Amino acid sequence: MKKQILVILFFCCANILFAQLPQSREATLIEQVSSSEVMIEATGIYNGTGKKDKNKKSDVSSNGAVRATLDAKKSAVYFMLYNGTDPLLRSTEEQRLFEEHIPFFFNGDNVNTYITFEEQEFRKRVKMNDGKSLKIAKRFKVNVERLRKDLEARNVLVASADLAESIGNPFIMVLPRVEKGKSPIE
């Protein structure tokens, strides 16, 4: 009996944890807008809820666009954290530390704080599974600097100021061109 309760409790906790992550996780970096923002085209998926197919189709028609857009926003943030040429979470240690903060970062309200611009029109809008699911694609601007600061505040990433303090700044010496055999310092 205790074993069954533990298994059920484990699946409930895992379900809550993974419910926060985006369902699609498809995104593409379009351009670096500024030093703190990037434009990303992300895909969002929403599967209708209900016991009958009719209820699922109705749910997709009424809630699909909003919830698929939220999933696309989560996909854009997920892309900045894990994927691309320069992900914020580079090492397995950083990814392990981040796991306990997943509910915070992928909460609907917090995801919206990282999105600074959302395209009004869908790039793609496709109903799947006979209308029981919706897949959309939209472009977003993600504030990478705000995301990095939140990761630093939760000790997932080392603050760049602390890193610069521990490593130090490089010294660059510029020497003038001199003739052969003469010292540039004199």
# chains A, B, ... in the order shown; residues from 1 in each chain; ligands from 1
>>> select_by_dssp(residues="stretch 19-182 of chain A", states="helix (DSSP H, G or I)", output="PyMOL selection string")
chain A and resi 19+53-82+92-105+108-114+129-131+144-153+160-167
>>> write_last_selection(atoms="C-alpha atoms", output="tab-separated table (two decimals), in the first residue's frame")
chain	number	residue	atom	x	y	z
A	19	ALA	CA	3.53	20.58	-16.93
A	53	ASP	CA	-13.79	14.38	-29.03
A	54	LYS	CA	-16.53	17.00	-29.30
A	55	ASN	CA	-15.39	18.57	-26.00
A	56	LYS	CA	-11.75	18.56	-27.10
A	57	LYS	CA	-12.61	20.27	-30.40
A	58	SER	CA	-14.69	22.86	-28.60
A	59	ASP	CA	-11.87	23.50	-26.12
A	60	VAL	CA	-9.37	23.98	-28.95
A	61	SER	CA	-11.72	26.42	-30.68
A	62	SER	CA	-12.23	28.54	-27.56
A	63	ASN	CA	-8.86	28.28	-25.74
A	64	GLY	CA	-6.46	26.92	-28.34
A	65	ALA	CA	-4.93	30.13	-29.69
A	66	VAL	CA	-4.25	31.64	-26.25
A	67	ARG	CA	-2.81	28.49	-24.73
A	68	ALA	CA	-0.77	27.58	-27.81
A	69	THR	CA	0.67	31.12	-27.76
A	70	LEU	CA	1.66	30.65	-24.12
A	71	ASP	CA	3.34	27.38	-25.08
A	72	ALA	CA	5.18	29.19	-27.89
A	73	LYS	CA	6.41	31.82	-25.39
A	74	LYS	CA	7.65	29.02	-23.14
A	75	SER	CA	9.38	27.46	-26.16
A	76	ALA	CA	11.16	30.73	-26.88
A	77	VAL	CA	12.44	30.96	-23.29
A	78	TYR	CA	13.36	27.25	-23.33
A	79	PHE	CA	15.35	27.84	-26.51
A	80	MET	CA	17.35	30.64	-24.86
A	81	LEU	CA	18.08	28.46	-21.84
A	82	TYR	CA	19.03	25.15	-23.48
A	92	THR	CA	25.25	20.00	-16.73
A	93	GLU	CA	25.78	21.54	-13.27
A	94	GLU	CA	23.90	24.71	-14.31
A	95	GLN	CA	21.11	22.57	-15.79
A	96	ARG	CA	20.89	20.54	-12.57
A	97	LEU	CA	20.68	23.72	-10.47
A	98	PHE	CA	18.00	25.09	-12.78
A	99	GLU	CA	15.70	22.07	-12.39
A	100	GLU	CA	14.39	23.22	-9.00
A	101	HIS	CA	13.52	26.65	-10.47
A	102	ILE	CA	11.59	25.37	-13.51
A	103	PRO	CA	8.14	26.21	-12.05
A	104	PHE	CA	9.23	29.82	-11.45
A	105	PHE	CA	10.70	30.44	-14.90
A	108	GLY	CA	2.75	32.02	-17.35
A	109	ASP	CA	3.27	35.41	-15.65
A	110	ASN	CA	7.05	35.06	-15.47
A	111	VAL	CA	7.33	33.91	-19.07
A	112	ASN	CA	5.56	37.12	-20.11
A	113	THR	CA	8.18	39.23	-18.29
A	114	TYR	CA	10.88	37.84	-20.59
A	129	ASN	CA	-5.67	15.34	-34.69
A	130	ASP	CA	-8.99	16.10	-36.40
A	131	GLY	CA	-9.28	19.48	-34.66
A	144	VAL	CA	17.96	37.66	-22.53
A	145	GLU	CA	19.50	40.08	-20.02
A	146	ARG	CA	16.45	39.89	-17.71
A	147	LEU	CA	16.51	36.11	-17.99
A	148	ARG	CA	20.23	36.04	-17.15
A	149	LYS	CA	19.72	38.32	-14.11
A	150	ASP	CA	16.95	36.07	-12.78
A	151	LEU	CA	19.22	33.05	-13.19
A	152	GLU	CA	22.00	34.87	-11.35
A	153	ALA	CA	19.61	35.94	-8.57
A	160	SER	CA	29.28	38.21	-14.50
A	161	ALA	CA	30.53	40.85	-12.03
A	162	ASP	CA	31.65	38.11	-9.62
A	163	LEU	CA	33.27	36.21	-12.46
A	164	ALA	CA	35.16	39.28	-13.67
A	165	GLU	CA	36.29	39.95	-10.09
A	166	SER	CA	37.63	36.43	-9.59
A	167	ILE	CA	39.29	36.11	-13.00
>>> closest_residue(among="A:Arg125, A:Leu157, A:Thr43, A:Phe171", to="A:Leu89", atoms="only C-alpha atoms")
A:Leu157
>>> select_by_dssp(residues="stretch 86-179 of chain A", states="strand (DSSP E or B)", output="list of chain:residue names")
A:Ile115, A:Thr116, A:Phe117, A:Glu118, A:Lys124, A:Arg125, A:Val126, A:Lys127, A:Met128, A:Ser133, A:Leu134, A:Lys135, A:Ile136, A:Ala137, A:Lys138, A:Arg139, A:Phe140, A:Lys141, A:Val142, A:Asn143
>>> atom_distance(atom1="atom CA of A:Glu26", atom2="atom CA of A:Phe117")
18.3 Å
>>> atom_distance(atom1="atom CA of A:Asp86", atom2="atom CA of A:Phe140")
17.8 Å
>>> closest_residue(among="A:Val38, A:Leu21, A:Val33, A:Ala159", to="A:Ile115", atoms="only C-alpha atoms")
A:Val38
>>> atom_distance(atom1="atom CA of A:Asn143", atom2="atom CA of A:Leu29")
13.1 Å
>>> residues_around(residues="A:Arg139", least_positions_apart="6", cutoff="8 Å", atoms="only C-alpha atoms", output="list in words")
Met39, Ile40, Glu41, Ala42, Glu118, Glu119 and Arg123 of chain A
>>> residues_around(residues="A:Pro176", least_positions_apart="4", cutoff="10 Å", atoms="only C-alpha atoms", output="ChimeraX atom specification")
/A:183-185
>>> write_last_selection(atoms="N, CA, C and O atoms", output="tab-separated table (two decimals), in the first residue's frame")
chain	number	residue	atom	x	y	z
A	183	SER	N	63.91	48.95	-29.82
A	183	SER	CA	62.90	48.53	-28.84
A	183	SER	C	61.71	49.49	-28.90
A	183	SER	O	61.86	50.70	-28.89
A	184	PRO	N	60.47	48.97	-28.92
A	184	PRO	CA	59.30	49.83	-28.98
A	184	PRO	C	59.03	50.55	-27.66
A	184	PRO	O	58.28	51.50	-27.61
A	185	ILE	N	59.65	50.09	-26.57
A	185	ILE	CA	59.41	50.68	-25.26
A	185	ILE	C	60.21	51.97	-25.08
A	185	ILE	O	59.78	52.87	-24.38
>>> decode(residues="stretch 39-73 of chain A", atoms="N, CA, C and O atoms", output="PDB file, in the first residue's frame")
ATOM      1  N   MET A  39      15.281  38.008 -31.426  1.00  0.00           N
ATOM      2  CA  MET A  39      14.011  37.678 -32.079  1.00  0.00           C
ATOM      3  C   MET A  39      14.008  36.176 -32.334  1.00  0.00           C
ATOM      4  O   MET A  39      14.938  35.640 -32.940  1.00  0.00           O
ATOM      5  N   ILE A  40      12.945  35.521 -31.863  1.00  0.00           N
ATOM      6  CA  ILE A  40      12.833  34.071 -31.991  1.00  0.00           C
ATOM      7  C   ILE A  40      11.472  33.737 -32.580  1.00  0.00           C
ATOM      8  O   ILE A  40      10.461  34.321 -32.186  1.00  0.00           O
ATOM      9  N   GLU A  41      11.456  32.803 -33.522  1.00  0.00           N
ATOM     10  CA  GLU A  41      10.193  32.257 -34.008  1.00  0.00           C
ATOM     11  C   GLU A  41       9.988  30.934 -33.286  1.00  0.00           C
ATOM     12  O   GLU A  41      10.802  30.013 -33.418  1.00  0.00           O
ATOM     13  N   ALA A  42       8.921  30.865 -32.508  1.00  0.00           N
ATOM     14  CA  ALA A  42       8.666  29.690 -31.682  1.00  0.00           C
ATOM     15  C   ALA A  42       7.339  29.053 -32.049  1.00  0.00           C
ATOM     16  O   ALA A  42       6.413  29.724 -32.517  1.00  0.00           O
ATOM     17  N   THR A  43       7.253  27.763 -31.816  1.00  0.00           N
ATOM     18  CA  THR A  43       6.051  26.986 -32.083  1.00  0.00           C
ATOM     19  C   THR A  43       5.398  26.606 -30.770  1.00  0.00           C
ATOM     20  O   THR A  43       6.086  26.246 -29.818  1.00  0.00           O
ATOM     21  N   GLY A  44       4.083  26.700 -30.735  1.00  0.00           N
ATOM     22  CA  GLY A  44       3.325  26.305 -29.553  1.00  0.00           C
ATOM     23  C   GLY A  44       2.270  25.289 -29.917  1.00  0.00           C
ATOM     24  O   GLY A  44       1.677  25.347 -30.999  1.00  0.00           O
ATOM     25  N   ILE A  45       2.027  24.359 -29.009  1.00  0.00           N
ATOM     26  CA  ILE A  45       1.033  23.310 -29.230  1.00  0.00           C
ATOM     27  C   ILE A  45       0.053  23.317 -28.070  1.00  0.00           C
ATOM     28  O   ILE A  45       0.442  23.472 -26.908  1.00  0.00           O
ATOM     29  N   TYR A  46      -1.209  23.152 -28.381  1.00  0.00           N
ATOM     30  CA  TYR A  46      -2.223  22.985 -27.342  1.00  0.00           C
ATOM     31  C   TYR A  46      -3.098  21.803 -27.709  1.00  0.00           C
ATOM     32  O   TYR A  46      -3.631  21.724 -28.820  1.00  0.00           O
ATOM     33  N   ASN A  47      -3.253  20.872 -26.778  1.00  0.00           N
ATOM     34  CA  ASN A  47      -4.127  19.718 -26.949  1.00  0.00           C
ATOM     35  C   ASN A  47      -5.402  19.975 -26.150  1.00  0.00           C
ATOM     36  O   ASN A  47      -5.336  20.277 -24.957  1.00  0.00           O
ATOM     37  N   GLY A  48      -6.535  19.847 -26.796  1.00  0.00           N
ATOM     38  CA  GLY A  48      -7.808  20.084 -26.129  1.00  0.00           C
ATOM     39  C   GLY A  48      -8.045  19.113 -24.992  1.00  0.00           C
ATOM     40  O   GLY A  48      -7.559  17.974 -25.004  1.00  0.00           O
ATOM     41  N   THR A  49      -8.811  19.569 -24.002  1.00  0.00           N
ATOM     42  CA  THR A  49      -9.126  18.719 -22.855  1.00  0.00           C
ATOM     43  C   THR A  49     -10.600  18.367 -22.890  1.00  0.00           C
ATOM     44  O   THR A  49     -11.425  19.092 -23.440  1.00  0.00           O
ATOM     45  N   GLY A  50     -10.917  17.266 -22.301  1.00  0.00           N
ATOM     46  CA  GLY A  50     -12.296  16.777 -22.259  1.00  0.00           C
ATOM     47  C   GLY A  50     -12.310  15.279 -22.501  1.00  0.00           C
ATOM     48  O   GLY A  50     -11.345  14.712 -23.005  1.00  0.00           O
ATOM     49  N   LYS A  51     -13.411  14.662 -22.131  1.00  0.00           N
ATOM     50  CA  LYS A  51     -13.489  13.213 -22.295  1.00  0.00           C
ATOM     51  C   LYS A  51     -13.873  12.816 -23.713  1.00  0.00           C
ATOM     52  O   LYS A  51     -13.410  11.820 -24.230  1.00  0.00           O
ATOM     53  N   LYS A  52     -14.710  13.619 -24.332  1.00  0.00           N
ATOM     54  CA  LYS A  52     -15.188  13.283 -25.679  1.00  0.00           C
ATOM     55  C   LYS A  52     -14.457  14.137 -26.707  1.00  0.00           C
ATOM     56  O   LYS A  52     -13.965  15.223 -26.409  1.00  0.00           O
ATOM     57  N   ASP A  53     -14.429  13.634 -27.934  1.00  0.00           N
ATOM     58  CA  ASP A  53     -13.786  14.376 -29.026  1.00  0.00           C
ATOM     59  C   ASP A  53     -14.447  15.724 -29.253  1.00  0.00           C
ATOM     60  O   ASP A  53     -13.791  16.714 -29.545  1.00  0.00           O
ATOM     61  N   LYS A  54     -15.783  15.757 -29.109  1.00  0.00           N
ATOM     62  CA  LYS A  54     -16.527  17.002 -29.297  1.00  0.00           C
ATOM     63  C   LYS A  54     -16.066  18.061 -28.282  1.00  0.00           C
ATOM     64  O   LYS A  54     -15.890  19.228 -28.619  1.00  0.00           O
ATOM     65  N   ASN A  55     -15.848  17.639 -27.045  1.00  0.00           N
ATOM     66  CA  ASN A  55     -15.391  18.574 -25.999  1.00  0.00           C
ATOM     67  C   ASN A  55     -13.974  19.059 -26.284  1.00  0.00           C
ATOM     68  O   ASN A  55     -13.649  20.225 -26.046  1.00  0.00           O
ATOM     69  N   LYS A  56     -13.120  18.170 -26.779  1.00  0.00           N
ATOM     70  CA  LYS A  56     -11.746  18.561 -27.104  1.00  0.00           C
ATOM     71  C   LYS A  56     -11.721  19.569 -28.247  1.00  0.00           C
ATOM     72  O   LYS A  56     -10.993  20.554 -28.192  1.00  0.00           O
ATOM     73  N   LYS A  57     -12.548  19.334 -29.268  1.00  0.00           N
ATOM     74  CA  LYS A  57     -12.610  20.268 -30.401  1.00  0.00           C
ATOM     75  C   LYS A  57     -13.136  21.621 -29.962  1.00  0.00           C
ATOM     76  O   LYS A  57     -12.626  22.663 -30.371  1.00  0.00           O
ATOM     77  N   SER A  58     -14.132  21.621 -29.108  1.00  0.00           N
ATOM     78  CA  SER A  58     -14.694  22.865 -28.598  1.00  0.00           C
ATOM     79  C   SER A  58     -13.667  23.620 -27.752  1.00  0.00           C
ATOM     80  O   SER A  58     -13.554  24.849 -27.843  1.00  0.00           O
ATOM     81  N   ASP A  59     -12.907  22.881 -26.947  1.00  0.00           N
ATOM     82  CA  ASP A  59     -11.872  23.497 -26.116  1.00  0.00           C
ATOM     83  C   ASP A  59     -10.779  24.118 -26.978  1.00  0.00           C
ATOM     84  O   ASP A  59     -10.306  25.220 -26.702  1.00  0.00           O
ATOM     85  N   VAL A  60     -10.391  23.444 -28.039  1.00  0.00           N
ATOM     86  CA  VAL A  60      -9.374  23.981 -28.951  1.00  0.00           C
ATOM     87  C   VAL A  60      -9.886  25.244 -29.628  1.00  0.00           C
ATOM     88  O   VAL A  60      -9.162  26.228 -29.775  1.00  0.00           O
ATOM     89  N   SER A  61     -11.161  25.244 -30.019  1.00  0.00           N
ATOM     90  CA  SER A  61     -11.724  26.421 -30.683  1.00  0.00           C
ATOM     91  C   SER A  61     -11.777  27.629 -29.755  1.00  0.00           C
ATOM     92  O   SER A  61     -11.535  28.753 -30.184  1.00  0.00           O
ATOM     93  N   SER A  62     -12.083  27.401 -28.485  1.00  0.00           N
ATOM     94  CA  SER A  62     -12.226  28.536 -27.560  1.00  0.00           C
ATOM     95  C   SER A  62     -10.922  28.931 -26.874  1.00  0.00           C
ATOM     96  O   SER A  62     -10.672  30.116 -26.675  1.00  0.00           O
ATOM     97  N   ASN A  63     -10.082  27.985 -26.502  1.00  0.00           N
ATOM     98  CA  ASN A  63      -8.862  28.285 -25.739  1.00  0.00           C
ATOM     99  C   ASN A  63      -7.572  28.013 -26.485  1.00  0.00           C
ATOM    100  O   ASN A  63      -6.500  28.333 -25.981  1.00  0.00           O
ATOM    101  N   GLY A  64      -7.650  27.403 -27.640  1.00  0.00           N
ATOM    102  CA  GLY A  64      -6.461  26.922 -28.337  1.00  0.00           C
ATOM    103  C   GLY A  64      -5.439  27.984 -28.669  1.00  0.00           C
ATOM    104  O   GLY A  64      -4.255  27.817 -28.400  1.00  0.00           O
ATOM    105  N   ALA A  65      -5.879  29.098 -29.253  1.00  0.00           N
ATOM    106  CA  ALA A  65      -4.928  30.130 -29.689  1.00  0.00           C
ATOM    107  C   ALA A  65      -4.176  30.738 -28.505  1.00  0.00           C
ATOM    108  O   ALA A  65      -2.953  30.913 -28.555  1.00  0.00           O
ATOM    109  N   VAL A  66      -4.889  31.025 -27.423  1.00  0.00           N
ATOM    110  CA  VAL A  66      -4.251  31.643 -26.251  1.00  0.00           C
ATOM    111  C   VAL A  66      -3.269  30.689 -25.595  1.00  0.00           C
ATOM    112  O   VAL A  66      -2.134  31.059 -25.277  1.00  0.00           O
ATOM    113  N   ARG A  67      -3.673  29.461 -25.422  1.00  0.00           N
ATOM    114  CA  ARG A  67      -2.807  28.488 -24.728  1.00  0.00           C
ATOM    115  C   ARG A  67      -1.661  28.014 -25.610  1.00  0.00           C
ATOM    116  O   ARG A  67      -0.570  27.739 -25.111  1.00  0.00           O
ATOM    117  N   ALA A  68      -1.870  27.934 -26.907  1.00  0.00           N
ATOM    118  CA  ALA A  68      -0.771  27.580 -27.807  1.00  0.00           C
ATOM    119  C   ALA A  68       0.243  28.730 -27.875  1.00  0.00           C
ATOM    120  O   ALA A  68       1.445  28.494 -27.969  1.00  0.00           O
ATOM    121  N   THR A  69      -0.238  29.970 -27.796  1.00  0.00           N
ATOM    122  CA  THR A  69       0.671  31.124 -27.763  1.00  0.00           C
ATOM    123  C   THR A  69       1.503  31.112 -26.490  1.00  0.00           C
ATOM    124  O   THR A  69       2.707  31.394 -26.525  1.00  0.00           O
ATOM    125  N   LEU A  70       0.894  30.767 -25.363  1.00  0.00           N
ATOM    126  CA  LEU A  70       1.655  30.655 -24.119  1.00  0.00           C
ATOM    127  C   LEU A  70       2.711  29.563 -24.241  1.00  0.00           C
ATOM    128  O   LEU A  70       3.849  29.747 -23.793  1.00  0.00           O
ATOM    129  N   ASP A  71       2.365  28.449 -24.871  1.00  0.00           N
ATOM    130  CA  ASP A  71       3.343  27.382 -25.075  1.00  0.00           C
ATOM    131  C   ASP A  71       4.468  27.846 -25.996  1.00  0.00           C
ATOM    132  O   ASP A  71       5.629  27.491 -25.788  1.00  0.00           O
ATOM    133  N   ALA A  72       4.145  28.658 -26.996  1.00  0.00           N
ATOM    134  CA  ALA A  72       5.183  29.190 -27.890  1.00  0.00           C
ATOM    135  C   ALA A  72       6.116  30.129 -27.127  1.00  0.00           C
ATOM    136  O   ALA A  72       7.330  30.125 -27.349  1.00  0.00           O
ATOM    137  N   LYS A  73       5.574  30.937 -26.222  1.00  0.00           N
ATOM    138  CA  LYS A  73       6.414  31.821 -25.394  1.00  0.00           C
ATOM    139  C   LYS A  73       7.352  30.987 -24.527  1.00  0.00           C
ATOM    140  O   LYS A  73       8.537  31.299 -24.394  1.00  0.00           O
TER     141      LYS A  73
END
